[in-house]
Structure formats: C-alpha cells, structure tokens
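A short write-up of the structure that comes next.
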Amino acid sequence: MSPFLIAMTGGSGSGKSTVADALVERCREVGVTVFAEDGYYWPMAHYGSAETEAQREAIIAKVNYDDPVSKETALMARHLADLKAGRTIEQPIYDYDRHDRKAETLTLSPAPIIIVEGIHALSIPEIRPLIDLSIYVDTPDDLRLARRIRRDVTDRGRSVESVLSQYLGTVRAAHYAFTFPAKFEADLVIADEGLPAYGKVRPATEAVERMLAPITARLQAVGVL
C-alpha cells in the first residue's frame, strides 16, 4: 500500500500548524512523515545575482512570498511523488534570515502517512493528483491577522506597522487569489474554534480534539488509522 498523502491548508495564521501537529501525534504509531512546503522557496540565485546587500534587499522586496510562483513547485511535486513511490528524498531547507536555501538538506524517508501543510498545499496543480485527503482550516480574517501580528512582533522583532503594510500590500490579496479558493474544493473544511492568538496549544485541548475529530474519522473510514 502506497503512503497516504494528506494536504492541509488555510490562510496565514489560520491555526493549520496546530491542527497538523495534533494530527502528527495522533498518527505517530502508524508512522508519519511531515513534508515542509516552505523548504521549496526559490533560492536567491533564481532571481539573479546580488553583489551588494542593497541589491539583495531590492530583490527580496520584489518577491511575493504568498504567491505560489515563489516556490519551486516542480521540485516539490517530484519529491512528493518520490515519497509516495517509496523513495527517500533530500528536501531543501530554507533560511528565513538569509532569504535563501541552506547548503545542507533534510533526509526524508517515506512513511504510511505523509502530511504536507502550508498556505499553498492545495494551490499547486502539479501535486493535486498525489493528494489522498485535502483539508482546509477555515478561520476568520481578523483572528488570522491577530495571530500574525503577535507572531511577527514577538518572535521576529517586526513593527506592527510593517506587519500591517505587508498584510494589506500582498498577503490578503494572495490569500484570496490562491489559498481561499481551496475551501470550495477540499475534502474537509475544519472550522477554527478561536484558539489562542499566540503560543502553543496542547493537542489534548477540547477545541483541538473537535477540530481533529472529522479528520481522524475519515482516516479510520479508509483504514489508515
């Protein structure tokens, strides 16, 4: 039996990572591989050479990281196909501080369940034929923005003004152009119950359990769990 591929998406700050983490814990005894979508952002060389820091910053400023074209989707699809075929892959690792890929890679081996989670998990045509279960985490815009502000200000040292400028300039438009349409095509739509805007949420909480329930029910129905 080939690995069962679960793709989970939702807007930035939707809580999809929390649900995905809880699902990983639930599937751990079966065997699960987590596939990081963000590793496939194009390396800096894709956009041309940058000899000075100013040139580098100018390139970065032009990239819309919320648009699927910012990722090497063909490589992503090939790696997912390899995992489903039982082959080990060397996955790229993206360095957010340098806005470039690291020299080292992450070795990923196939497992009975593969989970790919990210804002573009259901937005890339090349990987759709590989998906066995598609999930959209549906979260109100105000809650997603609150989470994004707290994350970027607290963890990344950004100003509220810069977060709002990016959100209004590219993030919101890209969400409705590329991520939101998946809500109407996903196998399951999971309603966010308003989990805390910042910080880890234990998978054992009742809210997370309710969000996880329809997913585990589907996996049990098809004999994966």
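Chain labels run A, B, ... following the order of the structure tokens; each chain numbers its residues from 1, and ligands are numbered from 1 in the order shown.
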
Hey, could you make a per-residue contact list for range 41-78 of chain A against range 105-125 of chain A with 9 Å as the cut-off, showing the nearest pair of atoms and its distance in Å to one decimal, counting only C-alpha atoms, sorted by chain and number, as CSV?
```
residue,atom,partner,partner_atom,distance
A:Asp66,CA,A:Ile119,CA,7.7
A:Asp67,CA,A:His120,CA,8.2
A:Pro68,CA,A:His120,CA,6.3
A:Thr73,CA,A:Ile124,CA,7.0
A:Ala77,CA,A:Ile124,CA,8.6
```

Now that the selection is made, can you save its residues with N, CA, C and O atoms as a PDB file, in the first residue's frame?
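The file below, out-v9.pdb, is the result:
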```
ATOM      1  N   ASP A  66       3.774  35.035  -0.768  1.00  0.00           N
ATOM      2  CA  ASP A  66       2.443  34.451  -0.609  1.00  0.00           C
ATOM      3  C   ASP A  66       1.860  33.980  -1.941  1.00  0.00           C
ATOM      4  O   ASP A  66       0.734  33.502  -1.990  1.00  0.00           O
ATOM      5  N   ASP A  67       2.627  34.116  -3.014  1.00  0.00           N
ATOM      6  CA  ASP A  67       2.238  33.651  -4.336  1.00  0.00           C
ATOM      7  C   ASP A  67       2.963  32.328  -4.604  1.00  0.00           C
ATOM      8  O   ASP A  67       4.168  32.219  -4.349  1.00  0.00           O
ATOM      9  N   PRO A  68       2.261  31.304  -5.099  1.00  0.00           N
ATOM     10  CA  PRO A  68       2.925  30.013  -5.357  1.00  0.00           C
ATOM     11  C   PRO A  68       4.132  30.095  -6.271  1.00  0.00           C
ATOM     12  O   PRO A  68       4.998  29.217  -6.211  1.00  0.00           O
ATOM     13  N   THR A  73       7.767  24.657  -7.465  1.00  0.00           N
ATOM     14  CA  THR A  73       6.670  23.702  -7.354  1.00  0.00           C
ATOM     15  C   THR A  73       6.949  22.395  -8.094  1.00  0.00           C
ATOM     16  O   THR A  73       6.480  21.330  -7.670  1.00  0.00           O
ATOM     17  N   ALA A  77       6.621  18.789  -6.303  1.00  0.00           N
ATOM     18  CA  ALA A  77       5.782  17.705  -6.812  1.00  0.00           C
ATOM     19  C   ALA A  77       6.593  16.435  -7.048  1.00  0.00           C
ATOM     20  O   ALA A  77       6.137  15.329  -6.744  1.00  0.00           O
TER      21      ALA A  77
END
```

Could I get the residues of range 5-65 of chain A with an atom no further than 12 Å from an atom of range 201-224 of chain A, each paired with its nearest atom pair and that distance in Å to one decimal, using only C-alpha atoms, sorted by chain and residue number, as a tab-separated table?
```
residue	atom	partner	partner_atom	distance
A:Leu5	CA	A:Val224	CA	10.6
A:Ile6	CA	A:Ile215	CA	9.8
A:Ala7	CA	A:Ile215	CA	11.5
A:Met8	CA	A:Ile215	CA	10.6
A:Gly15	CA	A:Val201	CA	9.8
A:Lys16	CA	A:Met211	CA	10.2
A:Ser17	CA	A:Val201	CA	10.3
A:Thr18	CA	A:Val201	CA	6.9
A:Val19	CA	A:Leu212	CA	6.7
A:Ala20	CA	A:Leu212	CA	8.9
A:Asp21	CA	A:Pro203	CA	7.6
A:Ala22	CA	A:Pro203	CA	4.9
A:Leu23	CA	A:Leu212	CA	7.0
A:Val24	CA	A:Pro203	CA	9.9
A:Glu25	CA	A:Pro203	CA	8.1
A:Arg26	CA	A:Thr216	CA	8.2
A:Cys27	CA	A:Thr216	CA	9.0
A:Arg28	CA	A:Val224	CA	11.9
A:Glu29	CA	A:Val224	CA	11.3
A:Val30	CA	A:Val224	CA	8.1
A:Gly31	CA	A:Val224	CA	10.3
A:Val32	CA	A:Val224	CA	11.1
```

Write out the residues from the selection above, keeping C-alpha atoms, as a PDB file, in the first residue's frame.
```pdb
ATOM      1  CA  LEU A   5      -0.894  11.858   1.437  1.00  0.00           C
ATOM      2  CA  ILE A   6      -2.760  14.455   3.500  1.00  0.00           C
ATOM      3  CA  ALA A   7      -2.579  18.085   2.332  1.00  0.00           C
ATOM      4  CA  MET A   8      -3.679  20.745   4.811  1.00  0.00           C
ATOM      5  CA  GLY A  15      -4.189  27.504  13.022  1.00  0.00           C
ATOM      6  CA  LYS A  16      -3.401  24.820  10.449  1.00  0.00           C
ATOM      7  CA  SER A  17       0.002  24.145  12.026  1.00  0.00           C
ATOM      8  CA  THR A  18      -1.675  23.463  15.383  1.00  0.00           C
ATOM      9  CA  VAL A  19      -4.098  21.016  13.775  1.00  0.00           C
ATOM     10  CA  ALA A  20      -1.286  19.426  11.767  1.00  0.00           C
ATOM     11  CA  ASP A  21       0.854  18.989  14.907  1.00  0.00           C
ATOM     12  CA  ALA A  22      -2.075  17.328  16.689  1.00  0.00           C
ATOM     13  CA  LEU A  23      -2.623  15.058  13.687  1.00  0.00           C
ATOM     14  CA  VAL A  24       1.048  14.062  13.698  1.00  0.00           C
ATOM     15  CA  GLU A  25       0.716  12.983  17.330  1.00  0.00           C
ATOM     16  CA  ARG A  26      -2.439  11.010  16.519  1.00  0.00           C
ATOM     17  CA  CYS A  27      -0.755   9.227  13.600  1.00  0.00           C
ATOM     18  CA  ARG A  28       2.641   8.651  15.203  1.00  0.00           C
ATOM     19  CA  GLU A  29       2.080   4.955  15.966  1.00  0.00           C
ATOM     20  CA  VAL A  30       1.076   4.304  12.352  1.00  0.00           C
ATOM     21  CA  GLY A  31       4.106   6.178  11.035  1.00  0.00           C
ATOM     22  CA  VAL A  32       4.117   9.700   9.650  1.00  0.00           C
TER      23      VAL A  32
END
```

Separation of CA of Thr179 in chain A from CA of Ile135 in chain A in Å: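 Atom-to-atom, CA of Ile135 in chain A and CA of Thr179 in chain A are spaced 11.7 Å apart.
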
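Residues with any atom within 7 Å of Tyr136 in chain A, counting only C-alpha atoms and excluding same-chain neighbours fewer than 3 positions away, are Met8, Thr9, Gly10, Ala182, Lys183, Ala186, Leu188, Val189 and Ile190 of chain A.
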
Next, write the just-selected residues to a file, as a compact mmCIF listing (two decimals), in the first residue's frame, keeping C-alpha atoms as the atom set.
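Once everything was written out, this is selection-v6.txt:
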```
# COMPACT_ATOMS: atom_id res chain seq x y z
CA MET A 8 -3.68 20.75 4.81
CA THR A 9 -4.04 24.41 4.00
CA GLY A 10 -5.55 27.64 5.26
CA ALA A 182 -9.27 25.65 -1.94
CA LYS A 183 -12.03 25.92 0.67
CA ALA A 186 -11.23 20.46 -0.15
CA LEU A 188 -12.86 18.50 4.61
CA VAL A 189 -13.35 22.08 5.83
CA ILE A 190 -12.42 22.45 9.50
```

DSSP on the backbone, then: every residue of range 134-189 of chain A marked helix (DSSP H, G or I), written as a PyMOL selection string. chain A and resi 141-156+160-184
